[in-house]
$ cat work-v8.pdb   # PDB, C-alpha atoms, pLDDT in the B column
ATOM      1  CA  MET A 274      -0.842  10.365 -15.415  1.00 56.00           C
ATOM      2  CA  GLY A 275      -3.518   7.800 -14.624  1.00 56.00           C
ATOM      3  CA  TYR A 276      -3.461   4.760 -12.350  1.00 57.00           C
ATOM      4  CA  TYR A 277      -2.031   2.404 -14.977  1.00 58.00           C
ATOM      5  CA  GLY A 278       0.160   5.000 -16.671  1.00 60.00           C
ATOM      6  CA  SER A 279       1.849   5.760 -13.368  1.00 68.00           C
ATOM      7  CA  MET A 280       3.015   2.132 -13.162  1.00 76.00           C
ATOM      8  CA  ILE A 281       6.056   3.142 -15.203  1.00 83.00           C
ATOM      9  CA  LEU A 282       7.405   4.867 -12.093  1.00 78.00           C
ATOM     10  CA  LEU A 283       7.564   1.476 -10.382  1.00 88.00           C
ATOM     11  CA  ILE A 284       9.684  -0.235 -13.026  1.00 91.00           C
ATOM     12  CA  PRO A 285      13.130   0.791 -11.638  1.00 92.00           C
ATOM     13  CA  ALA A 286      12.069  -0.209  -8.107  1.00 93.00           C
ATOM     14  CA  ILE A 287      10.747  -3.567  -9.329  1.00 94.00           C
ATOM     15  CA  ILE A 288      13.983  -4.289 -11.180  1.00 96.00           C
ATOM     16  CA  PHE A 289      16.051  -3.331  -8.132  1.00 95.00           C
ATOM     17  CA  THR A 290      13.856  -5.492  -5.880  1.00 95.00           C
ATOM     18  CA  MET A 291      14.405  -8.487  -8.160  1.00 96.00           C
ATOM     19  CA  TYR A 292      18.143  -7.822  -8.087  1.00 96.00           C
ATOM     20  CA  ALA A 293      18.145  -7.544  -4.274  1.00 96.00           C
ATOM     21  CA  GLN A 294      16.210 -10.791  -3.864  1.00 95.00           C
ATOM     22  CA  THR A 295      18.559 -12.590  -6.236  1.00 96.00           C
ATOM     23  CA  LYS A 296      21.571 -11.194  -4.390  1.00 96.00           C
ATOM     24  CA  VAL A 297      20.388 -12.244  -0.940  1.00 96.00           C
ATOM     25  CA  GLN A 298      19.393 -15.715  -2.118  1.00 95.00           C
ATOM     26  CA  SER A 299      22.771 -16.148  -3.826  1.00 96.00           C
ATOM     27  CA  ALA A 300      24.763 -14.992  -0.787  1.00 97.00           C
ATOM     28  CA  TYR A 301      22.631 -17.102   1.539  1.00 96.00           C
ATOM     29  CA  ARG A 302      22.995 -20.269  -0.558  1.00 96.00           C
ATOM     30  CA  THR A 303      26.726 -19.704  -1.023  1.00 97.00           C
ATOM     31  CA  TYR A 304      27.639 -19.183   2.618  1.00 97.00           C
ATOM     32  CA  LEU A 305      25.131 -21.700   3.914  1.00 96.00           C
ATOM     33  CA  ARG A 306      27.504 -24.259   2.393  1.00 95.00           C
ATOM     34  CA  VAL A 307      30.650 -22.750   3.948  1.00 97.00           C
ATOM     35  CA  ALA A 308      31.351 -24.050   7.454  1.00 96.00           C
ATOM     36  CA  ASN A 309      32.690 -21.625  10.045  1.00 96.00           C
ATOM     37  CA  SER A 310      35.949 -22.627  11.706  1.00 95.00           C
ATOM     38  CA  THR A 311      34.531 -22.582  15.245  1.00 95.00           C
ATOM     39  CA  GLY A 312      31.800 -25.151  14.588  1.00 96.00           C
ATOM     40  CA  LEU A 313      29.242 -22.863  16.235  1.00 97.00           C
ATOM     41  CA  THR A 314      25.660 -23.238  15.053  1.00 98.00           C
ATOM     42  CA  GLY A 315      23.409 -20.237  14.605  1.00 98.00           C
ATOM     43  CA  ALA A 316      21.674 -21.168  17.846  1.00 98.00           C
ATOM     44  CA  ASP A 317      25.038 -21.325  19.635  1.00 98.00           C
ATOM     45  CA  ALA A 318      26.077 -17.932  18.299  1.00 98.00           C
ATOM     46  CA  ALA A 319      22.773 -16.308  19.249  1.00 98.00           C
ATOM     47  CA  ARG A 320      22.886 -17.835  22.733  1.00 98.00           C
ATOM     48  CA  ARG A 321      26.451 -16.670  23.366  1.00 97.00           C
ATOM     49  CA  ILE A 322      25.765 -13.141  22.121  1.00 98.00           C
ATOM     50  CA  LEU A 323      22.578 -12.829  24.159  1.00 98.00           C
ATOM     51  CA  ASP A 324      24.224 -14.162  27.312  1.00 98.00           C
ATOM     52  CA  LYS A 325      27.249 -11.924  26.793  1.00 97.00           C
ATOM     53  CA  ASN A 326      24.949  -8.891  26.682  1.00 97.00           C
ATOM     54  CA  GLY A 327      22.901  -9.784  29.748  1.00 97.00           C
ATOM     55  CA  LEU A 328      19.983 -11.240  27.802  1.00 98.00           C
ATOM     56  CA  ALA A 329      19.999 -14.800  29.138  1.00 97.00           C
ATOM     57  CA  ASN A 330      16.221 -14.540  29.631  1.00 97.00           C
ATOM     58  CA  ILE A 331      15.607 -14.530  25.855  1.00 98.00           C
ATOM     59  CA  PRO A 332      14.999 -18.046  24.490  1.00 98.00           C
ATOM     60  CA  VAL A 333      16.289 -19.097  21.063  1.00 98.00           C
ATOM     61  CA  VAL A 334      13.732 -21.243  19.240  1.00 98.00           C
ATOM     62  CA  ILE A 335      13.127 -22.710  15.779  1.00 98.00           C
ATOM     63  CA  THR A 336      10.615 -21.080  13.425  1.00 97.00           C
ATOM     64  CA  PRO A 337       9.302 -22.622  10.180  1.00 97.00           C
ATOM     65  CA  GLY A 338      10.484 -21.504   6.744  1.00 95.00           C
ATOM     66  CA  THR A 339      13.615 -20.144   5.107  1.00 93.00           C
ATOM     67  CA  LEU A 340      15.015 -16.695   5.911  1.00 93.00           C
ATOM     68  CA  THR A 341      12.173 -16.263   8.405  1.00 96.00           C
ATOM     69  CA  ASP A 342      14.579 -15.425  11.218  1.00 98.00           C
ATOM     70  CA  ASN A 343      13.497 -12.627  13.536  1.00 97.00           C
ATOM     71  CA  TYR A 344      13.607 -11.244  17.045  1.00 97.00           C
ATOM     72  CA  ASN A 345      10.149 -10.697  18.522  1.00 95.00           C
ATOM     73  CA  PRO A 346      10.348  -7.692  20.859  1.00 93.00           C
ATOM     74  CA  MET A 347       6.817  -8.231  22.170  1.00 91.00           C
ATOM     75  CA  ARG A 348       7.453 -11.803  23.295  1.00 94.00           C
ATOM     76  CA  HIS A 349      11.192 -11.407  23.890  1.00 95.00           C
ATOM     77  CA  VAL A 350      11.933 -14.480  21.770  1.00 98.00           C
ATOM     78  CA  MET A 351      14.638 -15.161  19.174  1.00 98.00           C
ATOM     79  CA  ASN A 352      13.174 -17.098  16.236  1.00 98.00           C
ATOM     80  CA  LEU A 353      15.641 -18.834  13.924  1.00 98.00           C
ATOM     81  CA  SER A 354      14.834 -20.877  10.831  1.00 98.00           C
ATOM     82  CA  ASN A 355      15.897 -24.527  10.871  1.00 97.00           C
ATOM     83  CA  ASP A 356      18.983 -24.059   8.645  1.00 97.00           C
ATOM     84  CA  VAL A 357      20.187 -21.120  10.712  1.00 98.00           C
ATOM     85  CA  PHE A 358      19.395 -22.717  14.076  1.00 98.00           C
ATOM     86  CA  HIS A 359      21.211 -25.980  13.341  1.00 98.00           C
ATOM     87  CA  GLY A 360      23.716 -24.832  10.729  1.00 97.00           C
ATOM     88  CA  SER A 361      27.370 -24.289  11.640  1.00 97.00           C
ATOM     89  CA  THR A 362      28.028 -22.116   8.604  1.00 97.00           C
ATOM     90  CA  ILE A 363      29.032 -18.530   7.902  1.00 97.00           C
ATOM     91  CA  ALA A 364      25.476 -17.661   6.856  1.00 98.00           C
ATOM     92  CA  SER A 365      23.971 -19.258   9.954  1.00 98.00           C
ATOM     93  CA  ILE A 366      26.042 -17.376  12.503  1.00 98.00           C
ATOM     94  CA  ALA A 367      25.821 -14.091  10.555  1.00 98.00           C
ATOM     95  CA  ILE A 368      22.022 -14.181  10.438  1.00 98.00           C
ATOM     96  CA  ALA A 369      21.730 -15.309  14.050  1.00 98.00           C
ATOM     97  CA  ALA A 370      24.065 -12.510  15.122  1.00 98.00           C
ATOM     98  CA  HIS A 371      22.024  -9.974  13.132  1.00 98.00           C
ATOM     99  CA  GLU A 372      18.838 -10.952  14.953  1.00 98.00           C
ATOM    100  CA  SER A 373      20.765 -10.847  18.214  1.00 98.00           C
ATOM    101  CA  GLY A 374      21.697  -7.300  17.250  1.00 98.00           C
ATOM    102  CA  HIS A 375      17.999  -6.439  17.257  1.00 98.00           C
ATOM    103  CA  ALA A 376      17.621  -7.945  20.717  1.00 98.00           C
ATOM    104  CA  ILE A 377      20.505  -5.787  21.947  1.00 98.00           C
ATOM    105  CA  GLN A 378      18.939  -2.720  20.313  1.00 98.00           C
ATOM    106  CA  HIS A 379      15.693  -3.441  22.132  1.00 97.00           C
ATOM    107  CA  ALA A 380      17.384  -4.002  25.480  1.00 97.00           C
ATOM    108  CA  GLN A 381      19.411  -0.793  25.168  1.00 97.00           C
ATOM    109  CA  GLY A 382      16.429   1.309  24.119  1.00 97.00           C
ATOM    110  CA  TYR A 383      17.818   2.113  20.665  1.00 97.00           C
ATOM    111  CA  LYS A 384      15.776   5.163  19.635  1.00 97.00           C
ATOM    112  CA  LEU A 385      15.288   4.334  15.967  1.00 97.00           C
ATOM    113  CA  LEU A 386      14.009   0.875  16.877  1.00 96.00           C
ATOM    114  CA  GLN A 387      11.551   2.435  19.308  1.00 96.00           C
ATOM    115  CA  ILE A 388      10.392   4.821  16.596  1.00 96.00           C
ATOM    116  CA  ARG A 389      10.001   1.968  14.103  1.00 96.00           C
ATOM    117  CA  ASN A 390       7.997  -0.117  16.547  1.00 93.00           C
ATOM    118  CA  SER A 391       5.700   2.823  17.271  1.00 94.00           C
ATOM    119  CA  ILE A 392       5.124   3.368  13.541  1.00 95.00           C
ATOM    120  CA  VAL A 393       4.151  -0.256  12.832  1.00 95.00           C
ATOM    121  CA  PRO A 394       0.383   0.162  13.529  1.00 95.00           C
ATOM    122  CA  VAL A 395       0.260   3.316  11.389  1.00 94.00           C
ATOM    123  CA  ALA A 396       2.185   1.630   8.575  1.00 96.00           C
ATOM    124  CA  ASN A 397      -0.078  -1.432   8.679  1.00 96.00           C
ATOM    125  CA  ILE A 398      -3.203   0.710   8.411  1.00 96.00           C
ATOM    126  CA  GLY A 399      -1.639   2.815   5.666  1.00 96.00           C
ATOM    127  CA  SER A 400      -0.576  -0.188   3.587  1.00 95.00           C
ATOM    128  CA  THR A 401      -4.078  -1.662   3.890  1.00 96.00           C
ATOM    129  CA  LEU A 402      -6.236   1.405   3.280  1.00 96.00           C
ATOM    130  CA  SER A 403      -4.204   3.873   1.204  1.00 96.00           C
ATOM    131  CA  TRP A 404      -4.733   2.340  -2.244  1.00 94.00           C
ATOM    132  CA  PRO A 405      -8.442   1.548  -1.719  1.00 96.00           C
ATOM    133  CA  LEU A 406      -8.968   5.179  -0.685  1.00 95.00           C
ATOM    134  CA  LEU A 407      -7.050   6.382  -3.749  1.00 93.00           C
ATOM    135  CA  ILE A 408      -9.031   4.193  -6.122  1.00 91.00           C
ATOM    136  CA  ILE A 409     -12.364   5.197  -4.588  1.00 94.00           C
ATOM    137  CA  GLY A 410     -11.272   8.831  -4.770  1.00 92.00           C
ATOM    138  CA  LEU A 411     -10.392   8.410  -8.441  1.00 88.00           C
ATOM    139  CA  ALA A 412     -13.753   6.777  -9.173  1.00 89.00           C
ATOM    140  CA  MET A 413     -15.606   9.659  -7.510  1.00 90.00           C
ATOM    141  CA  GLY A 414     -13.898  12.297  -9.662  1.00 86.00           C
ATOM    142  CA  ARG A 415     -13.414  15.748  -8.159  1.00 84.00           C
ATOM    143  CA  SER A 416     -15.752  14.939  -5.284  1.00 87.00           C
ATOM    144  CA  GLY A 417     -13.320  12.266  -4.183  1.00 91.00           C
ATOM    145  CA  ASP A 418     -10.412  14.660  -3.565  1.00 91.00           C
ATOM    146  CA  PHE A 419     -10.619  14.264   0.201  1.00 94.00           C
ATOM    147  CA  LEU A 420     -10.427  10.458   0.069  1.00 95.00           C
ATOM    148  CA  PHE A 421      -7.631  10.600  -2.504  1.00 94.00           C
ATOM    149  CA  ASN A 422      -5.566  12.980  -0.370  1.00 94.00           C
ATOM    150  CA  LEU A 423      -6.296  10.932   2.748  1.00 96.00           C
ATOM    151  CA  GLY A 424      -4.898   7.878   0.962  1.00 96.00           C
ATOM    152  CA  ILE A 425      -1.666   9.753   0.250  1.00 96.00           C
ATOM    153  CA  VAL A 426      -1.365  10.923   3.855  1.00 96.00           C
ATOM    154  CA  MET A 427      -1.882   7.375   5.124  1.00 97.00           C
ATOM    155  CA  PHE A 428       0.750   6.016   2.760  1.00 97.00           C
ATOM    156  CA  LEU A 429       3.284   8.481   4.154  1.00 97.00           C
ATOM    157  CA  GLY A 430       3.290   6.279   7.256  1.00 96.00           C
ATOM    158  CA  VAL A 431       4.422   3.347   5.107  1.00 97.00           C
ATOM    159  CA  VAL A 432       7.254   5.381   3.594  1.00 98.00           C
ATOM    160  CA  LEU A 433       8.323   6.603   7.040  1.00 97.00           C
ATOM    161  CA  PHE A 434       8.364   3.021   8.333  1.00 98.00           C
ATOM    162  CA  HIS A 435      10.712   1.871   5.566  1.00 98.00           C
ATOM    163  CA  LEU A 436      12.834   5.007   5.963  1.00 98.00           C
ATOM    164  CA  VAL A 437      13.400   4.244   9.647  1.00 98.00           C
ATOM    165  CA  THR A 438      13.758   0.489   9.115  1.00 98.00           C
ATOM    166  CA  LEU A 439      16.828   0.805   6.896  1.00 98.00           C
ATOM    167  CA  PRO A 440      19.195   2.352   9.504  1.00 98.00           C
ATOM    168  CA  VAL A 441      17.791  -0.010  12.154  1.00 98.00           C
ATOM    169  CA  GLU A 442      18.752  -3.016  10.024  1.00 98.00           C
ATOM    170  CA  LEU A 443      22.156  -1.597   9.130  1.00 98.00           C
ATOM    171  CA  ASP A 444      22.883  -0.977  12.807  1.00 98.00           C
ATOM    172  CA  ALA A 445      21.860  -4.550  13.698  1.00 98.00           C
ATOM    173  CA  SER A 446      24.293  -5.876  11.074  1.00 98.00           C
ATOM    174  CA  ARG A 447      27.068  -3.632  12.390  1.00 97.00           C
ATOM    175  CA  ARG A 448      26.436  -4.935  15.906  1.00 98.00           C
ATOM    176  CA  ALA A 449      26.407  -8.507  14.573  1.00 98.00           C
ATOM    177  CA  LEU A 450      29.878  -8.234  13.061  1.00 97.00           C
ATOM    178  CA  VAL A 451      31.262  -6.619  16.209  1.00 97.00           C
ATOM    179  CA  GLN A 452      29.791  -9.342  18.418  1.00 97.00           C
ATOM    180  CA  LEU A 453      31.053 -12.167  16.201  1.00 97.00           C
ATOM    181  CA  GLN A 454      34.548 -10.705  16.108  1.00 95.00           C
ATOM    182  CA  GLU A 455      34.646 -10.106  19.860  1.00 95.00           C
ATOM    183  CA  MET A 456      33.690 -13.716  20.579  1.00 93.00           C
ATOM    184  CA  GLY A 457      36.215 -15.013  18.046  1.00 94.00           C
ATOM    185  CA  ALA A 458      33.609 -16.557  15.765  1.00 94.00           C
ATOM    186  CA  LEU A 459      35.149 -15.006  12.637  1.00 93.00           C
ATOM    187  CA  ARG A 460      38.735 -16.209  12.723  1.00 90.00           C
ATOM    188  CA  THR A 461      39.841 -15.413   9.184  1.00 92.00           C
ATOM    189  CA  GLY A 462      39.447 -12.593   6.711  1.00 92.00           C
ATOM    190  CA  GLN A 463      37.509 -14.956   4.473  1.00 94.00           C
ATOM    191  CA  GLU A 464      34.984 -15.662   7.218  1.00 96.00           C
ATOM    192  CA  LEU A 465      34.575 -11.954   7.923  1.00 96.00           C
ATOM    193  CA  SER A 466      34.106 -11.219   4.217  1.00 96.00           C
ATOM    194  CA  GLY A 467      31.522 -13.990   3.969  1.00 97.00           C
ATOM    195  CA  ALA A 468      29.528 -12.684   6.926  1.00 97.00           C
ATOM    196  CA  ARG A 469      29.631  -9.178   5.492  1.00 97.00           C
ATOM    197  CA  ALA A 470      28.460 -10.472   2.111  1.00 97.00           C
ATOM    198  CA  VAL A 471      25.427 -12.159   3.668  1.00 98.00           C
ATOM    199  CA  LEU A 472      24.480  -9.136   5.767  1.00 97.00           C
ATOM    200  CA  SER A 473      25.109  -6.638   2.941  1.00 97.00           C
ATOM    201  CA  ALA A 474      22.908  -8.640   0.577  1.00 97.00           C
ATOM    202  CA  ALA A 475      20.164  -8.725   3.187  1.00 96.00           C
ATOM    203  CA  ALA A 476      20.450  -4.946   3.595  1.00 96.00           C
ATOM    204  CA  LEU A 477      19.716  -4.517  -0.113  1.00 96.00           C
ATOM    205  CA  THR A 478      16.224  -5.908   0.430  1.00 96.00           C
ATOM    206  CA  TYR A 479      15.482  -3.079   2.849  1.00 97.00           C
ATOM    207  CA  VAL A 480      16.861  -0.528   0.396  1.00 97.00           C
ATOM    208  CA  ALA A 481      14.593  -2.062  -2.265  1.00 97.00           C
ATOM    209  CA  ALA A 482      11.575  -1.881   0.037  1.00 97.00           C
ATOM    210  CA  LEU A 483      12.245   1.808   0.676  1.00 97.00           C
ATOM    211  CA  ALA A 484      12.730   2.464  -3.045  1.00 96.00           C
ATOM    212  CA  THR A 485       9.435   0.743  -3.833  1.00 96.00           C
ATOM    213  CA  ALA A 486       7.585   2.735  -1.180  1.00 97.00           C
ATOM    214  CA  ILE A 487       9.019   6.011  -2.518  1.00 96.00           C
ATOM    215  CA  ALA A 488       8.156   5.008  -6.095  1.00 95.00           C
ATOM    216  CA  ASN A 489       4.570   4.326  -5.048  1.00 95.00           C
ATOM    217  CA  LEU A 490       4.407   7.688  -3.282  1.00 95.00           C
ATOM    218  CA  LEU A 491       5.626   9.391  -6.456  1.00 93.00           C
ATOM    219  CA  ARG A 492       2.914   7.508  -8.364  1.00 92.00           C
ATOM    220  CA  MET A 493       0.328   8.912  -6.003  1.00 92.00           C
ATOM    221  CA  PHE A 494       1.556  12.475  -6.432  1.00 90.00           C
ATOM    222  CA  ALA A 495       1.692  12.038 -10.214  1.00 88.00           C
ATOM    223  CA  MET A 496      -1.913  10.805 -10.211  1.00 87.00           C
ATOM    224  CA  ARG A 497      -2.902  13.677  -7.936  1.00 82.00           C
ATOM    225  CA  GLY A 498      -1.297  16.202 -10.294  1.00 73.00           C
ATOM    226  CA  ASN A 499      -3.215  14.687 -13.188  1.00 71.00           C
ATOM    227  CA  ARG A 500      -6.506  15.369 -11.406  1.00 61.00           C
ATOM    228  CA  ARG A 501      -5.972  19.112 -11.456  1.00 58.00           C
TER     229      ARG A 501
END
$ encode --input "work-v8.pdb" --output "structure tokens"
Amino acid sequence: MGYYGSMILLIPAIIFTMYAQTKVQSAYRTYLRVANSTGLTGADAARRILDKNGLANIPVVITPGTLTDNYNPMRHVMNLSNDVFHGSTIASIAIAAHESGHAIQHAQGYKLLQIRNSIVPVANIGSTLSWPLLIIGLAMGRSGDFLFNLGIVMFLGVVLFHLVTLPVELDASRRALVQLQEMGALRTGQELSGARAVLSAAALTYVAALATAIANLLRMFAMRGNRR
């Protein structure tokens, strides 16, 4: 199976990725229009959760874009998009709480987060160099076996990163729901269901990323088998 022929292995992952993106956008748009009963903004929710967990030193700031929310463990800063920062909706507090979950993970030394952070440089190098090495190896024929195999080895770091990322994100969402319930920010079953819908849809994007990485790895092995 050649480079282009192996693309068929990506089709299921591409379809699932499109579904996941549609799902998260739909959930986000839906619950960004549903006000939470407490009137808390995303910034309020993040601040309360951080303070409650002894993280008053972490500032909550606005970052450009949509769904660009993140916790930066290097700078110890909570970045929230404008709609999440200012919005007093179900989506806003759910997303802010999720990112606060990452801050709590970092503060508590959550092992999987530490592993993920340590893998980031390897994954970045692998995602940049693996396919160029594979293509050069293919162009060189049998003499390019070493480069081709090196490309596969480097891409394993990418797969490992996504494999570890998924449980890290799921744990952050679990922590988010616990924190929101403990502070009384989700007062009704409908609010809880809405927050879960937003966080579950977001989790699908990480499942899709893992599926795509695995599909690409299978492509590489299929191409490698074709060389023999």
$ closest_residue --input "work-v8.pdb" --among "A:Ala367, A:Leu385, A:Val350, A:Ala475" --to "Ala449 (chain A)" --atoms "all atoms listed in the file"
A:Ala367
$ resolve_selection --input "work-v8.pdb" --expression "the PyMOL selection byres ((chain A and resi 461-466) around 8)" --output "PyMOL selection string"
chain A and resi 309+363+450+459-460+467-470
$ write_last_selection --input "work-v8.pdb" --atoms "C-alpha atoms" --output "compact mmCIF listing (two decimals), in the coordinates of the input"
# COMPACT_ATOMS: atom_id res chain seq x y z
CA ASN A 309 32.69 -21.62 10.04
CA ILE A 363 29.03 -18.53 7.90
CA LEU A 450 29.88 -8.23 13.06
CA LEU A 459 35.15 -15.01 12.64
CA ARG A 460 38.74 -16.21 12.72
CA GLY A 467 31.52 -13.99 3.97
CA ALA A 468 29.53 -12.68 6.93
CA ARG A 469 29.63 -9.18 5.49
CA ALA A 470 28.46 -10.47 2.11
$ resolve_selection --input "work-v8.pdb" --expression "the PyMOL selection byres ((chain A and resi 314-328) around 6)" --output "PyMOL selection string"
chain A and resi 313+329-331+357-361+365-366+369-370+373
$ residues_around --input "work-v8.pdb" --residues "Leu283 (chain A)" --least-positions-apart "4" --cutoff "8 Å" --atoms "only C-alpha atoms" --output "list in words"
Ser279, Ile287, Thr485, Ala488, Asn489 and Arg492 of chain A
$ axis_aligned_box --input "work-v8.pdb" --around "region 463-471 of chain A" --padding-each-side "6 Å" --output "lines of an AutoDock Vina configuration file"
center_x = 31.5
center_y = -12.4
center_z = 5.0
size_x = 24.1
size_y = 18.5
size_z = 17.8
$ resolve_selection --input "work-v8.pdb" --expression "the PyMOL selection byres ((chain A and resi 334-348) around 7)" --output "list of chain:residue names"
A:Pro332, A:Val333, A:His349, A:Val350, A:Met351, A:Asn352, A:Leu353, A:Ser354, A:Asn355, A:Phe358, A:Glu372, A:His375, A:Ala376, A:His379
$ residues_around --input "work-v8.pdb" --residues "Ala396 (chain A)" --least-positions-apart "6" --cutoff "7 Å" --atoms "only C-alpha atoms" --output "list of chain:residue names"
A:Gly430, A:Val431, A:Phe434
$ closest_residue --input "work-v8.pdb" --among "A:Ala495, A:Ile487, A:Ile392, A:Ile377" --to "Pro285 (chain A)" --atoms "all atoms listed in the file"
A:Ile487
$ atom_distance --input "work-v8.pdb" --atom1 "CA of Arg448 (chain A)" --atom2 "CA of Gln381 (chain A)"
12.3 Å
$ closest_residue --input "work-v8.pdb" --among "A:Glu442, A:Tyr383, A:Arg447, A:Met496" --to "Ile425 (chain A)" --atoms "all atoms listed in the file"
A:Met496
$ closest_residue --input "work-v8.pdb" --among "A:Ala458, A:Ile409, A:Val441, A:Leu420" --to "Lys384 (chain A)" --atoms "all atoms listed in the file"
A:Val441
$ atom_distance --input "work-v8.pdb" --atom1 "CA of Leu407 (chain A)" --atom2 "CA of Gly424 (chain A)"
5.4 Å
$ atom_distance --input "work-v8.pdb" --atom1 "CA of Gln378 (chain A)" --atom2 "CA of Ser446 (chain A)"
11.1 Å
$ residues_around --input "work-v8.pdb" --residues "Leu491 (chain A)" --least-positions-apart "5" --cutoff "12 Å" --atoms "only C-alpha atoms" --output "JSON, numbers by chain"
{"A": [274, 276, 279, 280, 281, 282, 283, 286, 425, 428, 429, 432, 484, 485, 486, 496, 497, 498]}
$ closest_residue --input "work-v8.pdb" --among "A:Gln452, A:Ile368, A:Ser391, A:Asn499" --to "Gly414 (chain A)" --atoms "all atoms listed in the file"
A:Asn499
$ closest_residue --input "work-v8.pdb" --among "A:Leu423, A:Ile288, A:Leu406, A:Leu490" --to "Thr478 (chain A)" --atoms "all atoms listed in the file"
A:Ile288
$ residues_around --input "work-v8.pdb" --residues "Ala476 (chain A)" --least-positions-apart "3" --cutoff "7 Å" --atoms "all atoms listed in the file" --output "compact mmCIF listing (two decimals) with C-alpha atoms, in the frame of the given file"
# COMPACT_ATOMS: atom_id res chain seq x y z
CA GLU A 442 18.75 -3.02 10.02
CA LEU A 443 22.16 -1.60 9.13
CA LEU A 472 24.48 -9.14 5.77
CA SER A 473 25.11 -6.64 2.94
CA TYR A 479 15.48 -3.08 2.85
CA VAL A 480 16.86 -0.53 0.40
$ decode --input "work-v8.pdb" --residues "region 296-343 of chain A" --atoms "C-alpha atoms" --output "PDB file, in the first residue's frame"
ATOM      1  CA  LYS A 296     -20.778  18.173  18.075  1.00  0.00           C
ATOM      2  CA  VAL A 297     -18.598  20.509  20.123  1.00  0.00           C
ATOM      3  CA  GLN A 298     -19.605  23.555  18.091  1.00  0.00           C
ATOM      4  CA  SER A 299     -23.283  22.632  18.453  1.00  0.00           C
ATOM      5  CA  ALA A 300     -23.055  22.077  22.219  1.00  0.00           C
ATOM      6  CA  TYR A 301     -21.018  25.248  22.664  1.00  0.00           C
ATOM      7  CA  ARG A 302     -23.439  27.410  20.657  1.00  0.00           C
ATOM      8  CA  THR A 303     -26.460  25.883  22.388  1.00  0.00           C
ATOM      9  CA  TYR A 304     -25.311  26.352  25.969  1.00  0.00           C
ATOM     10  CA  LEU A 305     -23.599  29.657  25.298  1.00  0.00           C
ATOM     11  CA  ARG A 306     -27.151  30.980  24.951  1.00  0.00           C
ATOM     12  CA  VAL A 307     -28.417  29.362  28.172  1.00  0.00           C
ATOM     13  CA  ALA A 308     -27.821  31.512  31.254  1.00  0.00           C
ATOM     14  CA  ASN A 309     -26.813  29.798  34.483  1.00  0.00           C
ATOM     15  CA  SER A 310     -29.033  30.498  37.478  1.00  0.00           C
ATOM     16  CA  THR A 311     -26.224  31.909  39.636  1.00  0.00           C
ATOM     17  CA  GLY A 312     -25.260  34.691  37.224  1.00  0.00           C
ATOM     18  CA  LEU A 313     -21.597  33.700  37.533  1.00  0.00           C
ATOM     19  CA  THR A 314     -19.394  34.493  34.553  1.00  0.00           C
ATOM     20  CA  GLY A 315     -16.696  32.110  33.407  1.00  0.00           C
ATOM     21  CA  ALA A 316     -14.125  34.397  34.999  1.00  0.00           C
ATOM     22  CA  ASP A 317     -16.063  34.336  38.284  1.00  0.00           C
ATOM     23  CA  ALA A 318     -16.291  30.551  38.253  1.00  0.00           C
ATOM     24  CA  ALA A 319     -12.593  30.120  37.483  1.00  0.00           C
ATOM     25  CA  ARG A 320     -11.615  32.608  40.192  1.00  0.00           C
ATOM     26  CA  ARG A 321     -13.774  30.916  42.829  1.00  0.00           C
ATOM     27  CA  ILE A 322     -12.518  27.433  41.955  1.00  0.00           C
ATOM     28  CA  LEU A 323      -8.885  28.528  41.950  1.00  0.00           C
ATOM     29  CA  ASP A 324      -9.228  30.378  45.250  1.00  0.00           C
ATOM     30  CA  LYS A 325     -11.097  27.458  46.801  1.00  0.00           C
ATOM     31  CA  ASN A 326      -8.191  25.164  45.911  1.00  0.00           C
ATOM     32  CA  GLY A 327      -5.435  27.432  47.196  1.00  0.00           C
ATOM     33  CA  LEU A 328      -4.516  28.824  43.783  1.00  0.00           C
ATOM     34  CA  ALA A 329      -5.199  32.520  44.364  1.00  0.00           C
ATOM     35  CA  ASN A 330      -1.827  33.307  42.754  1.00  0.00           C
ATOM     36  CA  ILE A 331      -3.087  32.237  39.304  1.00  0.00           C
ATOM     37  CA  PRO A 332      -4.510  35.177  37.320  1.00  0.00           C
ATOM     38  CA  VAL A 333      -7.528  34.756  35.036  1.00  0.00           C
ATOM     39  CA  VAL A 334      -7.095  36.738  31.819  1.00  0.00           C
ATOM     40  CA  ILE A 335      -8.752  37.126  28.414  1.00  0.00           C
ATOM     41  CA  THR A 336      -7.230  35.456  25.346  1.00  0.00           C
ATOM     42  CA  PRO A 337      -8.242  36.144  21.722  1.00  0.00           C
ATOM     43  CA  GLY A 338     -10.390  33.751  19.696  1.00  0.00           C
ATOM     44  CA  THR A 339     -13.186  31.258  20.251  1.00  0.00           C
ATOM     45  CA  LEU A 340     -12.688  28.019  22.192  1.00  0.00           C
ATOM     46  CA  THR A 341      -9.076  29.070  22.769  1.00  0.00           C
ATOM     47  CA  ASP A 342      -9.402  28.640  26.526  1.00  0.00           C
ATOM     48  CA  ASN A 343      -6.433  27.054  28.269  1.00  0.00           C
TER      49      ASN A 343
END
